[in-house]
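First comes the structure, then the notes that go with it.
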Amino acid sequence: MTPTLAMIVFMIGAVIWFAIRIPARRRARRATVRSSARGLRESILMAVSLTGLGIIPFVYIATNFESARFRFLSFADRPFVPAIAWLGLFVFAASLWLFYRTHKALGRNWSVSLDIREKHKLISDGVYAVVRHPMYSAFWLWAGAQALLLPNWIAGFSGIVGFGILFFGRVGKEERLMCDTFGDEYREYMRRTSRVLPGVY
Ligand code: SAH
């Protein structure tokens, strides 16, 4: 593995991510939104996450190929360790697999923010039987893979910071929304599942 290959892996991962998300979004949009907990706070959290997981690494990659004249964030470069980048590839693959499973399981109940759709069903099987926020687990894995693949302290770790802000800013509110919508069914589901890491958190 070389730094250039690691950047290509990240870009291919991003393309696969879009290939999973775009059809999933099209399907979900067919179901009307009944109520929503969106607002300015949600918009800011999503912008912060997008910046950390997407914009910063992409600008870094676009300006850090061999022939680039201006290298974005070059002052924060760290040594490139092939074994770490290989690990990043496997973590990224795991992230995309989980991401695919969660979209399959959620179907029309999915939303990019906090919405309740017409005929919203509580999903608690498949990967949702193991943790109650597996899509967020997948994003944590993406953020981890980014840190392992990109040999730069800022472009690598911006995903963990950006997604971490979205995750901790949203997850409690999302669980309150689910409790308000599904009542004891969700409270019981909470008792038997962890949030993102089975048995740990
Ligand atoms: N937090 C979940 C889902 C993220 S998508 C995960 O990480 O996998 C966010 C949307 O999913 C919200 O609109 C919320 O209403 C919905 N949602 C969250 N958990 C759900 C579940 N178990 N079943 C159905 N919808 C769910």
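Residue numbers start at 1 in each chain; chains themselves are named A, B, ... in the order of the structure tokens; ligands are numbered from 1 in the order shown.
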Give one line per residue of chain A that approaches ligand 1 to at most 8 Å, naming the two atoms of the closest pair and their distance in Å to one decimal, counting only C-alpha atoms and all ligand atoms; sort by chain then ascending residue number and deliver it as JSON lines.
{"residue": "A:Ser36", "atom": "CA", "partner": "ligand 1", "partner_atom_place_in_ligand_line": "13 (O)", "distance": 7.8}
{"residue": "A:Thr102", "atom": "CA", "partner": "ligand 1", "partner_atom_place_in_ligand_line": "8 (O)", "distance": 6.1}
{"residue": "A:Leu106", "atom": "CA", "partner": "ligand 1", "partner_atom_place_in_ligand_line": "24 (C)", "distance": 6.0}
{"residue": "A:Asn109", "atom": "CA", "partner": "ligand 1", "partner_atom_place_in_ligand_line": "25 (N)", "distance": 5.1}
{"residue": "A:Trp110", "atom": "CA", "partner": "ligand 1", "partner_atom_place_in_ligand_line": "11 (O)", "distance": 4.7}
{"residue": "A:Ser111", "atom": "CA", "partner": "ligand 1", "partner_atom_place_in_ligand_line": "10 (C)", "distance": 4.6}
{"residue": "A:Val112", "atom": "CA", "partner": "ligand 1", "partner_atom_place_in_ligand_line": "5 (S)", "distance": 5.8}
{"residue": "A:Ser113", "atom": "CA", "partner": "ligand 1", "partner_atom_place_in_ligand_line": "13 (O)", "distance": 5.5}
{"residue": "A:Leu114", "atom": "CA", "partner": "ligand 1", "partner_atom_place_in_ligand_line": "13 (O)", "distance": 3.7}
{"residue": "A:Asp115", "atom": "CA", "partner": "ligand 1", "partner_atom_place_in_ligand_line": "13 (O)", "distance": 3.8}
{"residue": "A:Ile116", "atom": "CA", "partner": "ligand 1", "partner_atom_place_in_ligand_line": "15 (O)", "distance": 5.0}
{"residue": "A:Arg117", "atom": "CA", "partner": "ligand 1", "partner_atom_place_in_ligand_line": "15 (O)", "distance": 7.7}
{"residue": "A:His120", "atom": "CA", "partner": "ligand 1", "partner_atom_place_in_ligand_line": "24 (C)", "distance": 6.7}
{"residue": "A:Lys121", "atom": "CA", "partner": "ligand 1", "partner_atom_place_in_ligand_line": "24 (C)", "distance": 5.5}
{"residue": "A:Leu122", "atom": "CA", "partner": "ligand 1", "partner_atom_place_in_ligand_line": "23 (N)", "distance": 3.7}
{"residue": "A:Ile123", "atom": "CA", "partner": "ligand 1", "partner_atom_place_in_ligand_line": "23 (N)", "distance": 3.7}
{"residue": "A:Ser124", "atom": "CA", "partner": "ligand 1", "partner_atom_place_in_ligand_line": "22 (N)", "distance": 5.5}
{"residue": "A:Tyr128", "atom": "CA", "partner": "ligand 1", "partner_atom_place_in_ligand_line": "22 (N)", "distance": 6.4}
{"residue": "A:Arg132", "atom": "CA", "partner": "ligand 1", "partner_atom_place_in_ligand_line": "22 (N)", "distance": 5.9}
{"residue": "A:His133", "atom": "CA", "partner": "ligand 1", "partner_atom_place_in_ligand_line": "7 (O)", "distance": 3.1}
{"residue": "A:Pro134", "atom": "CA", "partner": "ligand 1", "partner_atom_place_in_ligand_line": "8 (O)", "distance": 4.1}
{"residue": "A:Met135", "atom": "CA", "partner": "ligand 1", "partner_atom_place_in_ligand_line": "7 (O)", "distance": 3.6}
{"residue": "A:Tyr136", "atom": "CA", "partner": "ligand 1", "partner_atom_place_in_ligand_line": "7 (O)", "distance": 4.0}
{"residue": "A:Ser137", "atom": "CA", "partner": "ligand 1", "partner_atom_place_in_ligand_line": "7 (O)", "distance": 6.6}
{"residue": "A:Ala138", "atom": "CA", "partner": "ligand 1", "partner_atom_place_in_ligand_line": "7 (O)", "distance": 7.9}
{"residue": "A:Val171", "atom": "CA", "partner": "ligand 1", "partner_atom_place_in_ligand_line": "1 (N)", "distance": 7.1}
{"residue": "A:Glu174", "atom": "CA", "partner": "ligand 1", "partner_atom_place_in_ligand_line": "14 (C)", "distance": 6.5}
{"residue": "A:Glu175", "atom": "CA", "partner": "ligand 1", "partner_atom_place_in_ligand_line": "18 (C)", "distance": 7.7}
{"residue": "A:Leu177", "atom": "CA", "partner": "ligand 1", "partner_atom_place_in_ligand_line": "15 (O)", "distance": 7.1}
{"residue": "A:Met178", "atom": "CA", "partner": "ligand 1", "partner_atom_place_in_ligand_line": "15 (O)", "distance": 6.4}
{"residue": "A:Tyr186", "atom": "CA", "partner": "ligand 1", "partner_atom_place_in_ligand_line": "22 (N)", "distance": 8.0}
{"residue": "A:Val196", "atom": "CA", "partner": "ligand 1", "partner_atom_place_in_ligand_line": "7 (O)", "distance": 7.7}
Which residues of stretch 100-190 of chain A come within 7 Å of stretch 46-56 of chain A, and what is each one's closest atom pair and distance in Å (one decimal), counting only C-alpha atoms, sorted by chain and residue number, as a tab-separated table?
residue	atom	partner	partner_atom	distance
A:Ala143	CA	A:Leu53	CA	6.6
A:Ala155	CA	A:Ile56	CA	5.9
A:Ser158	CA	A:Gly52	CA	4.5
A:Gly159	CA	A:Leu53	CA	4.2
A:Val161	CA	A:Gly52	CA	6.8
A:Gly162	CA	A:Ser49	CA	4.3
A:Phe163	CA	A:Ser49	CA	4.6
A:Leu166	CA	A:Ser49	CA	5.9
DSSP-assigned strand (DSSP E or B) members of stretch 11-187 of chain A, reported as a PyMOL selection string: chain A and resi 33-36+77+115-117+131+152
Resulting file, chosen residues, C-alpha atoms, as an mmCIF file, in the first residue's frame:
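Generated output (out.cif):
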data_model
loop_
_atom_site.group_PDB
_atom_site.id
_atom_site.type_symbol
_atom_site.label_atom_id
_atom_site.label_comp_id
_atom_site.auth_asym_id
_atom_site.auth_seq_id
_atom_site.Cartn_x
_atom_site.Cartn_y
_atom_site.Cartn_z
ATOM 1 C CA VAL A 33 -43.052 12.370 6.223
ATOM 2 C CA ARG A 34 -45.682 12.499 8.990
ATOM 3 C CA SER A 35 -43.697 14.440 11.599
ATOM 4 C CA SER A 36 -40.159 15.687 11.965
ATOM 5 C CA ASP A 77 1.193 15.263 7.668
ATOM 6 C CA ASP A 115 -38.326 12.100 10.504
ATOM 7 C CA ILE A 116 -41.278 9.837 11.170
ATOM 8 C CA ARG A 117 -42.913 8.641 7.969
ATOM 9 C CA VAL A 131 -27.407 -2.576 18.107
ATOM 10 C CA ASN A 152 -2.541 13.452 7.944
#
Filtered DSSP result for chain A, state alpha helix (DSSP H), as a VMD selection string: chain A and resid 3 to 28 40 to 50 56 to 62 82 to 106 134 to 149 153 to 182 184 to 192
For stretch 21-23 of chain A: contacts at 8 Å, only C-alpha atoms, fewer than 4 positions along chain excluded, given as number ranges by chain: A: 17, 27, 103
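Separating atom CA of A:Glu118 from atom CA of A:Ile165 is a distance of 29.1 Å.
Atom CA of A:Trp153 to atom CA of A:Leu87 spans 16.9 Å [interatomic distance, one decimal].
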Nearby residues (only C-alpha atoms) at most 9 Å from A:Ala145, same-chain spacing under 4 positions excluded, as a PyMOL selection string: chain A and resi 10+85+87-93+95+140-141+149-150+156
Based on the selection just made, write C-alpha atoms of those residues as a PDB file, in the first residue's frame.
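Output contents, as saved in result17.pdb:
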ATOM      1  CA  PHE A  10     -10.969   6.167   0.124  1.00  0.00           C
ATOM      2  CA  ALA A  85      -3.510   1.747   5.657  1.00  0.00           C
ATOM      3  CA  LEU A  87      -6.217  -2.049   8.237  1.00  0.00           C
ATOM      4  CA  GLY A  88      -8.054   1.067   7.014  1.00  0.00           C
ATOM      5  CA  LEU A  89      -9.091  -0.788   3.867  1.00  0.00           C
ATOM      6  CA  PHE A  90     -10.651  -3.625   5.898  1.00  0.00           C
ATOM      7  CA  VAL A  91     -12.391  -1.230   8.270  1.00  0.00           C
ATOM      8  CA  PHE A  92     -13.768   0.702   5.297  1.00  0.00           C
ATOM      9  CA  ALA A  93     -15.044  -2.534   3.718  1.00  0.00           C
ATOM     10  CA  SER A  95     -18.313   0.024   7.145  1.00  0.00           C
ATOM     11  CA  TRP A 140     -17.938   5.406  13.089  1.00  0.00           C
ATOM     12  CA  LEU A 141     -16.182   2.710  11.052  1.00  0.00           C
ATOM     13  CA  LEU A 149      -6.010   5.574   5.448  1.00  0.00           C
ATOM     14  CA  LEU A 150      -5.043   9.250   5.254  1.00  0.00           C
ATOM     15  CA  GLY A 156      -7.520  11.735   8.933  1.00  0.00           C
TER      16      GLY A 156
END
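With distances restricted to only C-alpha atoms, A:Ala76 is the closest residue to A:Phe157 from A:Ala76, A:Ala129, A:Ala37, A:Val9.
With atom CA of A:Arg187 on one side and atom CA of A:Asp125 on the other, the separation reads 15.5 Å.
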